[in-house]
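Chemist: My structure file coords.txt, compact mmCIF, C-alpha atoms, is below:
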# COMPACT_ATOMS: atom_id res chain seq x y z
CA MET A 3 -27.64 1.22 10.37
CA SER A 4 -24.51 0.76 8.44
CA ALA A 5 -23.36 2.38 5.25
CA HIS A 6 -25.57 0.32 2.97
CA PRO A 7 -28.82 -1.63 3.43
CA LEU A 8 -27.25 -4.66 1.77
CA LEU A 9 -24.41 -4.60 4.29
CA ASP A 10 -27.04 -4.67 7.01
CA ILE A 11 -28.38 -7.92 5.62
CA VAL A 12 -24.94 -9.50 5.76
CA GLU A 13 -24.18 -8.15 9.21
CA LYS A 14 -27.54 -9.08 10.67
CA ALA A 15 -26.90 -12.71 9.83
CA CYS A 16 -23.80 -12.62 12.05
CA LEU A 17 -25.52 -11.22 15.11
CA LYS A 18 -26.34 -13.41 18.05
CA THR A 19 -30.09 -13.74 18.28
CA GLU A 20 -30.20 -15.17 21.77
CA ASP A 21 -27.96 -14.87 24.79
CA VAL A 22 -26.48 -11.58 23.68
CA PRO A 23 -24.07 -10.69 26.48
CA GLN A 24 -25.45 -7.92 28.67
CA PHE A 25 -23.02 -5.83 30.66
CA ASP A 26 -21.98 -2.24 31.22
CA ILE A 27 -18.73 -0.34 31.25
CA GLY A 28 -16.97 -0.83 34.57
CA ASP A 29 -18.49 -4.25 35.19
CA THR A 30 -16.23 -7.00 36.41
CA VAL A 31 -16.94 -9.95 34.15
CA ASN A 32 -15.94 -13.55 33.54
CA VAL A 33 -15.65 -14.11 29.80
CA HIS A 34 -16.04 -17.76 28.87
CA THR A 35 -14.37 -18.47 25.54
CA ARG A 36 -14.53 -21.71 23.63
CA ILE A 37 -11.11 -23.00 22.75
CA LEU A 38 -10.49 -25.84 20.34
CA GLU A 39 -7.52 -28.03 21.22
CA GLY A 40 -7.06 -30.70 18.60
CA ASN A 41 -10.67 -31.77 18.33
CA LYS A 42 -11.53 -31.26 21.97
CA GLU A 43 -13.36 -28.16 23.02
CA ARG A 44 -12.86 -26.56 26.38
CA ILE A 45 -13.85 -23.33 28.05
CA GLN A 46 -11.32 -20.74 29.11
CA VAL A 47 -12.30 -17.96 31.45
CA PHE A 48 -10.82 -14.48 31.34
CA SER A 49 -11.98 -12.22 34.11
CA GLY A 50 -11.44 -8.52 34.49
CA VAL A 51 -13.01 -5.10 34.19
CA VAL A 52 -14.79 -4.01 31.01
CA ILE A 53 -13.05 -0.75 30.12
CA ALA A 54 -14.41 -0.10 26.62
CA ARG A 55 -16.99 -1.03 24.04
CA SER A 56 -16.47 -0.07 20.44
CA GLY A 57 -18.04 -0.61 17.07
CA SER A 58 -21.60 -1.54 16.28
CA GLY A 59 -23.55 -4.44 14.88
CA CYS A 60 -21.51 -7.54 14.21
CA LYS A 61 -18.31 -5.50 14.56
CA GLU A 62 -18.92 -4.59 18.18
CA MET A 63 -15.98 -5.35 20.44
CA PHE A 64 -15.37 -5.00 24.16
CA THR A 65 -12.11 -4.69 26.06
CA VAL A 66 -11.48 -6.47 29.33
CA ARG A 67 -8.57 -5.44 31.54
CA ARG A 68 -7.03 -7.33 34.42
CA ILE A 69 -3.76 -7.43 36.30
CA VAL A 70 -1.68 -10.60 35.97
CA ASN A 71 1.60 -10.80 37.90
CA ASN A 72 1.68 -7.05 38.33
CA GLU A 73 1.33 -6.63 34.59
CA GLY A 74 -1.76 -5.13 33.00
CA VAL A 75 -3.36 -7.49 30.46
CA GLU A 76 -6.12 -6.44 28.08
CA ARG A 77 -8.11 -8.64 25.76
CA LYS A 78 -10.57 -7.54 23.13
CA PHE A 79 -13.49 -9.78 22.28
CA PRO A 80 -16.11 -9.51 19.54
CA ILE A 81 -19.46 -9.49 21.36
CA HIS A 82 -21.18 -11.57 18.69
CA SER A 83 -18.39 -14.09 18.25
CA PRO A 84 -19.62 -17.68 18.45
CA ARG A 85 -16.48 -18.39 20.48
CA ILE A 86 -17.80 -16.31 23.35
CA ALA A 87 -19.87 -18.83 25.27
CA LEU A 88 -20.90 -16.65 28.20
CA VAL A 89 -20.20 -13.31 29.82
CA GLU A 90 -21.17 -13.33 33.46
CA VAL A 91 -21.17 -10.13 35.45
CA THR A 92 -19.77 -10.57 38.94
CA ARG A 93 -19.71 -6.95 40.02
CA SER A 94 -20.94 -3.61 38.72
CA ALA A 95 -19.40 -0.24 39.32
CA VAL A 96 -20.35 3.40 39.18
CA VAL A 97 -18.43 4.96 36.32
CA ARG A 98 -18.72 8.33 34.64
CA ARG A 99 -16.89 7.52 31.41
CA ALA A 100 -17.62 5.33 28.41
CA LYS A 101 -13.93 4.47 28.15
CA LEU A 102 -12.00 3.69 31.31
CA TYR A 103 -8.57 4.15 29.78
CA TYR A 104 -7.50 6.09 32.87
CA LEU A 105 -7.25 2.75 34.67
CA ARG A 106 -4.15 2.01 32.61
CA ASP A 107 -2.26 4.76 34.41
CA ARG A 108 -3.25 3.56 37.84
CA VAL A 109 -1.82 0.83 40.02
CA GLY A 110 -2.90 -0.94 43.17
CA LYS A 111 -5.69 0.52 45.21
CA ALA A 112 -6.31 3.34 42.77
CA THR A 113 -7.72 0.91 40.21
CA ARG A 114 -10.70 0.15 42.43
CA LEU A 115 -14.10 1.29 41.19
CA ARG A 116 -17.01 2.26 43.41
CA GLU A 117 -19.45 -0.61 43.46
CA ARG A 118 -22.94 -0.13 42.19
CA ARG A 119 -25.72 -2.12 43.74
CA ARG A 120 -27.75 -3.67 40.93
CA ASP A 121 -31.06 -3.64 42.82
CA VAL A 122 -30.55 -0.07 44.01
CA ALA A 123 -29.77 1.10 40.47
CA LYS A 124 -32.86 -0.61 39.14
CA GLY A 125 -35.03 0.93 41.83
CA ALA A 126 -33.65 4.36 41.07
CA LYS A 127 -34.52 4.03 37.39
CA SER A 128 -38.12 3.02 37.96
CA MET B 12 -0.02 -23.37 -12.25
CA SER B 13 -2.54 -23.77 -15.01
CA VAL B 14 -4.66 -21.32 -16.92
CA ASN B 15 -8.24 -22.35 -17.52
CA ALA B 16 -11.36 -20.85 -19.03
CA PRO B 17 -13.72 -19.66 -16.32
CA THR B 18 -16.38 -22.23 -15.47
CA ALA B 19 -18.62 -19.52 -14.10
CA GLY B 20 -18.67 -15.77 -13.83
CA ILE B 21 -20.98 -12.89 -13.09
CA LEU B 22 -21.13 -9.10 -13.17
CA GLY B 23 -21.94 -6.98 -10.15
CA ARG B 24 -21.33 -3.91 -8.06
CA LYS B 25 -19.12 -3.51 -5.03
CA VAL B 26 -21.28 -2.70 -2.01
CA GLY B 27 -18.65 -2.30 0.69
CA MET B 28 -16.67 -4.17 3.29
CA THR B 29 -17.68 -5.73 6.56
CA GLN B 30 -16.80 -8.79 8.57
CA VAL B 31 -18.41 -12.16 9.25
CA PHE B 32 -17.61 -15.14 11.44
CA ASP B 33 -16.54 -18.36 9.77
CA GLU B 34 -17.55 -21.81 11.00
CA SER B 35 -14.67 -21.92 13.48
CA GLY B 36 -15.70 -18.55 14.91
CA SER B 37 -12.84 -16.51 13.44
CA VAL B 38 -13.53 -13.08 12.04
CA VAL B 39 -13.22 -12.93 8.25
CA PRO B 40 -12.98 -9.56 6.46
CA VAL B 41 -15.24 -9.64 3.42
CA THR B 42 -16.23 -7.43 0.52
CA VAL B 43 -19.91 -7.63 -0.34
CA VAL B 44 -20.68 -7.74 -4.05
CA GLN B 45 -24.20 -7.35 -5.35
CA ALA B 46 -24.07 -9.58 -8.39
CA GLY B 47 -26.60 -10.41 -11.06
CA PRO B 48 -29.02 -11.50 -12.17
CA CYS B 49 -27.37 -11.17 -15.56
CA HIS B 50 -28.80 -11.94 -18.99
CA VAL B 51 -26.87 -13.83 -21.61
CA LEU B 52 -26.87 -11.45 -24.58
CA GLN B 53 -24.80 -13.36 -27.08
CA VAL B 54 -22.79 -16.51 -27.53
CA ARG B 55 -19.68 -16.10 -29.64
CA THR B 56 -18.79 -19.17 -31.63
CA LEU B 57 -15.66 -20.29 -33.40
CA ASP B 58 -17.46 -20.46 -36.77
CA ARG B 59 -19.00 -17.02 -36.79
CA ASP B 60 -16.74 -14.91 -34.55
CA GLY B 61 -13.46 -16.74 -34.59
CA TYR B 62 -13.44 -17.24 -30.85
CA GLU B 63 -15.67 -18.66 -28.18
CA ALA B 64 -17.17 -16.47 -25.49
CA VAL B 65 -20.31 -15.84 -23.52
CA GLN B 66 -21.50 -12.25 -23.42
CA ILE B 67 -23.60 -11.21 -20.45
CA GLY B 68 -25.17 -7.94 -19.34
CA PHE B 69 -25.91 -6.51 -15.92
CA LEU B 70 -28.42 -3.84 -14.79
CA ASP B 71 -31.06 -2.45 -17.13
CA LYS B 72 -30.27 0.76 -18.94
CA PRO B 73 -33.26 3.08 -19.48
CA ARG B 74 -34.33 2.86 -23.11
CA ARG B 75 -34.05 6.62 -23.54
CA LEU B 76 -30.35 6.40 -22.65
CA ALA B 77 -29.62 3.36 -24.78
CA SER B 78 -28.55 3.86 -28.36
CA ARG B 79 -30.45 2.13 -31.13
CA SER B 80 -27.59 -0.30 -31.63
CA GLU B 81 -27.69 -1.19 -27.95
CA ARG B 82 -31.42 -1.83 -28.14
CA GLY B 83 -31.03 -3.82 -31.30
CA HIS B 84 -28.37 -5.93 -29.64
CA VAL B 85 -30.70 -7.27 -26.99
CA ALA B 86 -34.00 -7.41 -28.89
CA LYS B 87 -35.24 -7.55 -32.44
CA LEU B 88 -35.82 -4.11 -33.99
CA GLU B 89 -37.82 -3.48 -37.14
CA SER B 90 -35.66 -1.74 -39.69
CA LYS B 91 -35.42 -1.52 -43.43
CA ARG B 92 -32.13 -3.39 -43.32
CA SER B 93 -33.47 -6.25 -41.24
CA LYS B 94 -36.45 -6.55 -43.58
CA LYS B 95 -34.17 -6.62 -46.59
CA ARG B 96 -31.92 -9.20 -44.99
CA ALA B 97 -34.95 -11.34 -44.12
CA GLU B 98 -36.13 -11.11 -47.72
CA GLY B 99 -32.67 -12.05 -48.91
CA GLY B 100 -32.86 -15.15 -46.75
CA VAL B 101 -30.25 -14.07 -44.18
CA GLU B 102 -31.03 -15.57 -40.82
CA SER B 103 -30.92 -12.99 -38.04
CA PRO B 104 -29.08 -14.05 -34.89
CA VAL B 105 -31.01 -15.03 -31.79
CA LYS B 106 -31.67 -12.09 -29.44
CA ALA B 107 -31.92 -12.17 -25.67
CA GLY B 108 -35.19 -10.25 -25.65
CA CYS B 109 -34.38 -8.22 -22.56
CA GLU B 110 -33.81 -4.55 -21.74
CA PRO B 111 -30.57 -2.86 -22.84
CA LYS B 112 -27.82 -3.37 -20.29
CA ARG B 113 -25.53 -0.94 -18.52
CA LEU B 114 -22.57 -3.26 -18.22
CA VAL B 115 -21.80 -5.80 -20.92
CA ARG B 116 -18.81 -8.13 -20.67
CA GLU B 117 -17.63 -11.30 -22.31
CA PHE B 118 -16.21 -14.40 -20.67
CA ARG B 119 -13.91 -16.51 -22.82
CA ALA B 120 -15.71 -19.78 -22.33
CA THR B 121 -17.95 -22.07 -24.31
CA ALA B 122 -21.71 -21.83 -23.81
CA ALA B 123 -21.84 -25.44 -22.65
CA GLY B 124 -18.95 -25.06 -20.22
CA PHE B 125 -20.05 -21.77 -18.64
CA ALA B 126 -22.18 -21.77 -15.47
CA GLY B 127 -23.45 -25.25 -16.19
CA GLY B 128 -24.52 -24.48 -19.75
CA VAL B 129 -26.14 -21.25 -20.94
CA GLU B 130 -28.04 -20.04 -23.98
CA VAL B 131 -28.93 -16.61 -25.32
CA GLY B 132 -31.66 -15.00 -23.20
CA GLY B 133 -30.86 -17.17 -20.22
CA GLU B 134 -30.31 -15.78 -16.77
CA ILE B 135 -27.16 -16.10 -14.71
CA THR B 136 -27.48 -15.68 -10.95
CA VAL B 137 -25.07 -15.98 -8.06
CA ALA B 138 -26.32 -19.54 -7.63
CA SER B 139 -23.99 -20.48 -10.49
CA LEU B 140 -21.04 -19.63 -8.24
CA GLU B 141 -22.16 -21.84 -5.39
CA GLY B 142 -19.50 -24.33 -4.45
CA VAL B 143 -16.75 -22.24 -6.03
CA ALA B 144 -13.78 -21.96 -3.68
CA ARG B 145 -11.83 -19.08 -5.18
CA VAL B 146 -12.57 -16.26 -7.59
CA ASP B 147 -10.79 -13.54 -9.55
CA VAL B 148 -12.31 -10.09 -9.28
CA THR B 149 -11.67 -7.43 -11.93
CA SER B 150 -12.65 -3.79 -11.63
CA THR B 151 -11.39 -0.25 -11.99
CA SER B 152 -9.19 0.80 -9.09
CA LYS B 153 -9.69 4.07 -7.24
CA GLY B 154 -8.23 7.01 -9.14
CA ARG B 155 -5.42 8.80 -7.33
CA GLY B 156 -4.63 11.40 -9.99
CA PHE B 157 -1.08 12.49 -10.74
CA SER B 158 0.90 10.93 -7.91
CA GLY B 159 4.52 11.14 -6.92
CA ALA B 160 6.97 8.25 -7.07
CA MET B 161 6.69 7.59 -3.34
CA ARG B 162 2.95 6.94 -3.47
CA ARG B 163 2.88 5.38 -6.90
CA HIS B 164 5.86 3.03 -6.73
CA ASN B 165 6.58 2.87 -2.98
CA PHE B 166 9.87 4.73 -3.39
CA ALA B 167 11.54 5.62 -0.10
CA GLY B 168 12.04 9.31 -0.84
CA GLN B 169 14.98 11.18 0.57
CA ARG B 170 16.13 12.10 4.05
CA ALA B 171 14.40 14.67 6.19
CA THR B 172 17.70 16.30 7.24
CA HIS B 173 21.43 16.02 6.53
CA GLY B 174 21.41 18.71 3.88
CA VAL B 175 18.47 17.47 1.80
CA LYS B 176 16.93 20.59 0.35
CA LYS B 177 13.34 20.79 -0.87
CA CYS B 178 13.36 17.32 -2.39
CA HIS B 179 12.36 15.07 0.50
CA ARG B 180 9.77 13.19 -1.53
CA HIS B 181 11.68 13.14 -4.82
CA MET B 182 12.40 9.96 -6.72
CA GLY B 183 16.19 10.49 -6.77
CA GLY B 184 18.35 9.61 -9.77
CA THR B 185 16.90 8.34 -13.02
CA GLY B 186 19.93 6.54 -14.40
CA CYS B 187 23.57 6.81 -15.44
CA SER B 188 25.50 9.61 -17.14
CA THR B 189 27.14 9.80 -20.58
CA TYR B 190 26.63 6.12 -21.15
CA PRO B 191 23.80 5.40 -21.96
CA GLY B 192 23.06 9.14 -21.95
CA ARG B 193 19.31 8.62 -21.72
CA VAL B 194 16.65 7.41 -19.33
CA PHE B 195 15.55 3.85 -19.88
CA LYS B 196 12.01 3.22 -21.01
CA GLY B 197 9.70 2.09 -18.26
CA LYS B 198 11.60 4.01 -15.55
CA LYS B 199 9.27 4.35 -12.59
CA MET B 200 8.36 7.99 -12.20
CA ALA B 201 5.50 10.18 -11.02
CA GLY B 202 2.34 10.10 -13.10
CA GLN B 203 -1.29 9.04 -13.28
CA TYR B 204 -1.99 6.44 -10.62
CA GLY B 205 -5.13 4.38 -10.19
CA ALA B 206 -8.36 4.38 -12.21
CA ALA B 207 -6.96 1.42 -14.12
CA ARG B 208 -8.33 -2.05 -14.74
CA THR B 209 -7.11 -4.18 -11.86
CA THR B 210 -7.58 -7.84 -11.01
CA VAL B 211 -7.17 -9.52 -7.67
CA ARG B 212 -6.70 -13.23 -8.07
CA ASN B 213 -7.59 -16.27 -5.99
CA GLN B 214 -9.79 -14.47 -3.51
CA LYS B 215 -11.69 -16.88 -1.33
CA LEU B 216 -15.44 -16.91 -1.93
CA VAL B 217 -16.74 -16.93 1.63
CA ALA B 218 -20.47 -17.13 1.02
CA VAL B 219 -23.14 -16.90 -1.67
CA ASP B 220 -26.50 -15.37 -0.78
CA THR B 221 -28.90 -16.45 -3.51
CA GLU B 222 -31.83 -14.73 -1.84
CA ASN B 223 -30.33 -11.26 -2.00
CA ASN B 224 -27.95 -11.85 -4.94
CA LEU B 225 -24.88 -11.23 -2.85
CA LEU B 226 -21.36 -12.60 -2.98
CA LEU B 227 -19.01 -12.38 -0.02
CA VAL B 228 -15.42 -12.26 -1.19
CA ARG B 229 -12.64 -12.49 1.36
CA GLY B 230 -10.43 -9.42 1.55
CA ALA B 231 -10.47 -6.23 -0.47
CA ILE B 232 -11.31 -5.79 -4.13
CA PRO B 233 -10.26 -2.83 -6.27
CA GLY B 234 -12.36 0.27 -6.76
CA HIS B 235 -14.74 2.50 -4.91
CA LYS B 236 -18.12 1.48 -3.52
CA GLY B 237 -20.66 1.06 -6.29
CA THR B 238 -18.03 0.29 -8.89
CA PHE B 239 -18.80 -2.38 -11.46
CA VAL B 240 -16.92 -5.62 -10.95
CA VAL B 241 -16.42 -8.80 -12.92
CA VAL B 242 -16.26 -11.96 -10.82
CA ARG B 243 -15.10 -15.20 -12.35
CA THR B 244 -13.77 -18.50 -11.13
CA ALA B 245 -10.05 -18.32 -10.41
CA ASN B 246 -8.11 -19.31 -13.49
CA MET B 247 -4.60 -19.60 -12.10
CA LEU B 248 -4.93 -21.96 -9.19
CA LYS B 249 -1.65 -22.58 -7.51
Give the structure from this file in structure tokens form.

Modeler:
Amino acid sequence: MSAHPLLDIVEKACLKTEDVPQFDIGDTVNVHTRILEGNKERIQVFSGVVIARSGSGCKEMFTVRRIVNNEGVERKFPIHSPRIALVEVTRSAVVRRAKLYYLRDRVGKATRLRERRRDVAKGAKS
Amino acid sequence: MSVNAPTAGILGRKVGMTQVFDESGSVVPVTVVQAGPCHVLQVRTLDRDGYEAVQIGFLDKPRRLASRSERGHVAKLESKRSKKRAEGGVESPVKAGCEPKRLVREFRATAAGFAGGVEVGGEITVASLEGVARVDVTSTSKGRGFSGAMRRHNFAGQRATHGVKKCHRHMGGTGCSTYPGRVFKGKKMAGQYGAARTTVRNQKLVAVDTENNLLLVRGAIPGHKGTFVVVRTANMLK
């Protein structure tokens, strides 16, 4: 629910109805973004760890962090953007925070997250 | 730059801001305006009124709150005067035949050239703004009360240190000394800020939702949520 029922109508129209990306905080993901070069479309992949999700509805964003040439790089994507073609989860991790900003202060081995086995987690829930 | 009469316009209320994706997938910040349907209450003509305009009203006003003149403006009322005028052969003007309206505004346009041709009693919906690229939006800006020169006129204020004493947010000097010996009129000073009629021009009209009577205007428009706004086609296209 947003501030006004009429705003909901506008925002609902912007939501993805199918293929809404499913992932959790701490997941290592490959984000496939559509990029228009001239009039040719190609897919660019940005892979890294999801360290935050913010906002709600059509304003929901997620932050992906990776290390490029020893330099931390973060990109924020709108979840419902039509430019996001696919978010594939390659690895899940056990995390105890909704925001993994502490990873920014860590380098090297310390940035590793404890892996969570998908099937084990599912079994534990049921 | 040319100034034109609006080819279409509508009254509405500001709902709030959100964001949508455009066809290329970019995020566009938009203000949602709930606009219309509006009734055409009166058409001003050159012969009778000395100028041409279309008067439209938005939102029904409860009859108990409307004055008799407001009710008589939108529908025919029986009165001694109207009877006498009818007997005297004076033709009474055409009435819209709708409920009294909360917001009544005029657009300086001819009835034929406004929203594809209108007549008294007709309805104007957001559909009349379909295909319009840019609009001007007029409303009352948020009131900020008595504000200092820094907030009101973006003055820089004074320094935090270096001997500045108790006047860090002051406006500074107001002019020269013996000559002219006075402060010029229009000098920017502290005072009432906001709650004034404000227009933002050439805002892009992102989308028109005829089903829910909504307009999506790119960017911000003046005023608080729920404020009444006047939307018209941009009249100073660059």

Chemist: Enumerate as a VMD selection string the residues belonging to chain B that approach chain A to within 12 Å, with all atoms listed in the file taken into account.

Modeler: chain B and resid 24 to 46 217 to 220 222 to 227 236 to 237

Chemist: How many Å separate CA of Ile27 in chain A from CA of Phe64 in chain A?

Modeler: 9.1 Å

Chemist: Between CA of Cys187 in chain B and CA of Phe166 in chain B, what is the spacing in Å?

Modeler: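 Atom-to-atom, CA of Phe166 in chain B and CA of Cys187 in chain B are spaced 18.4 Å apart.
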
Chemist: Of the candidates A:Arg106, A:Lys78, A:Lys18, A:Arg119, which one gets nearest to Arg93 in chain A if we count only C-alpha atoms?

Modeler: A:Arg119

Chemist: As an exercise, work out the distance from CA of Arg44 in chain A to CA of Ser58 in chain A in Å and give it to one decimal place.

Modeler: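 Between CA of Arg44 in chain A and CA of Ser58 in chain A the gap is 28.4 Å.
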
Chemist: Let me make sure I understand: among A:Leu102, A:Leu115, A:Ala54, A:Ile69, which one has the smallest atom-to-atom distance to Ile81 in chain A if we use all atoms listed in the file?

Modeler: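 Smallest distance to Ile81 in chain A is found for A:Ala54.
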
Chemist: Taking 2 positions as the minimum chain separation for residues in the same chain, which residues sit within 8 Å of His181 in chain B when counting only C-alpha atoms? Answer as a VMD selection string.

Modeler: chain B and resid 159 to 161 168 to 169 178 to 179 183

Chemist: Got a sec: who's within 12 Å of Ser93 in chain B, counting all atoms listed in the file, leaving out chain neighbours fewer than 4 positions off, as a PyMOL selection string?

Modeler: chain B and resi 83+87-89+97-104

Chemist: What lies within 7 Å of Arg208 in chain B using all atoms listed in the file, ignoring chain neighbours under 3 positions off, as a list in words?

Modeler: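 The contact residues come out as Thr149, Ser150, Thr151 and Ser152 of chain B.
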
Chemist: Set the distance at 7 Å and use only C-alpha atoms: which residues neighbour range 53-60 of chain B once local chain neighbours fewer than 6 positions away are removed? I'd like the list as a ChimeraX atom specification.

Modeler: /B:66,122,131

Chemist: Which is closest to Val31 in chain A among A:Arg67, A:Arg118, A:Lys101, A:Lys111, if we use only C-alpha atoms?

Modeler: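 That would be A:Arg67, the residue with the smallest distance to Val31 in chain A.
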
Chemist: Out of B:Asn15, B:Thr172, B:Thr209, B:Gln203, which residue has the shortest atom-to-atom distance to Arg119 in chain B when counting all atoms listed in the file?

Modeler: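 Nearest candidate to Arg119 in chain B out of B:Asn15, B:Thr172, B:Thr209, B:Gln203: B:Asn15.
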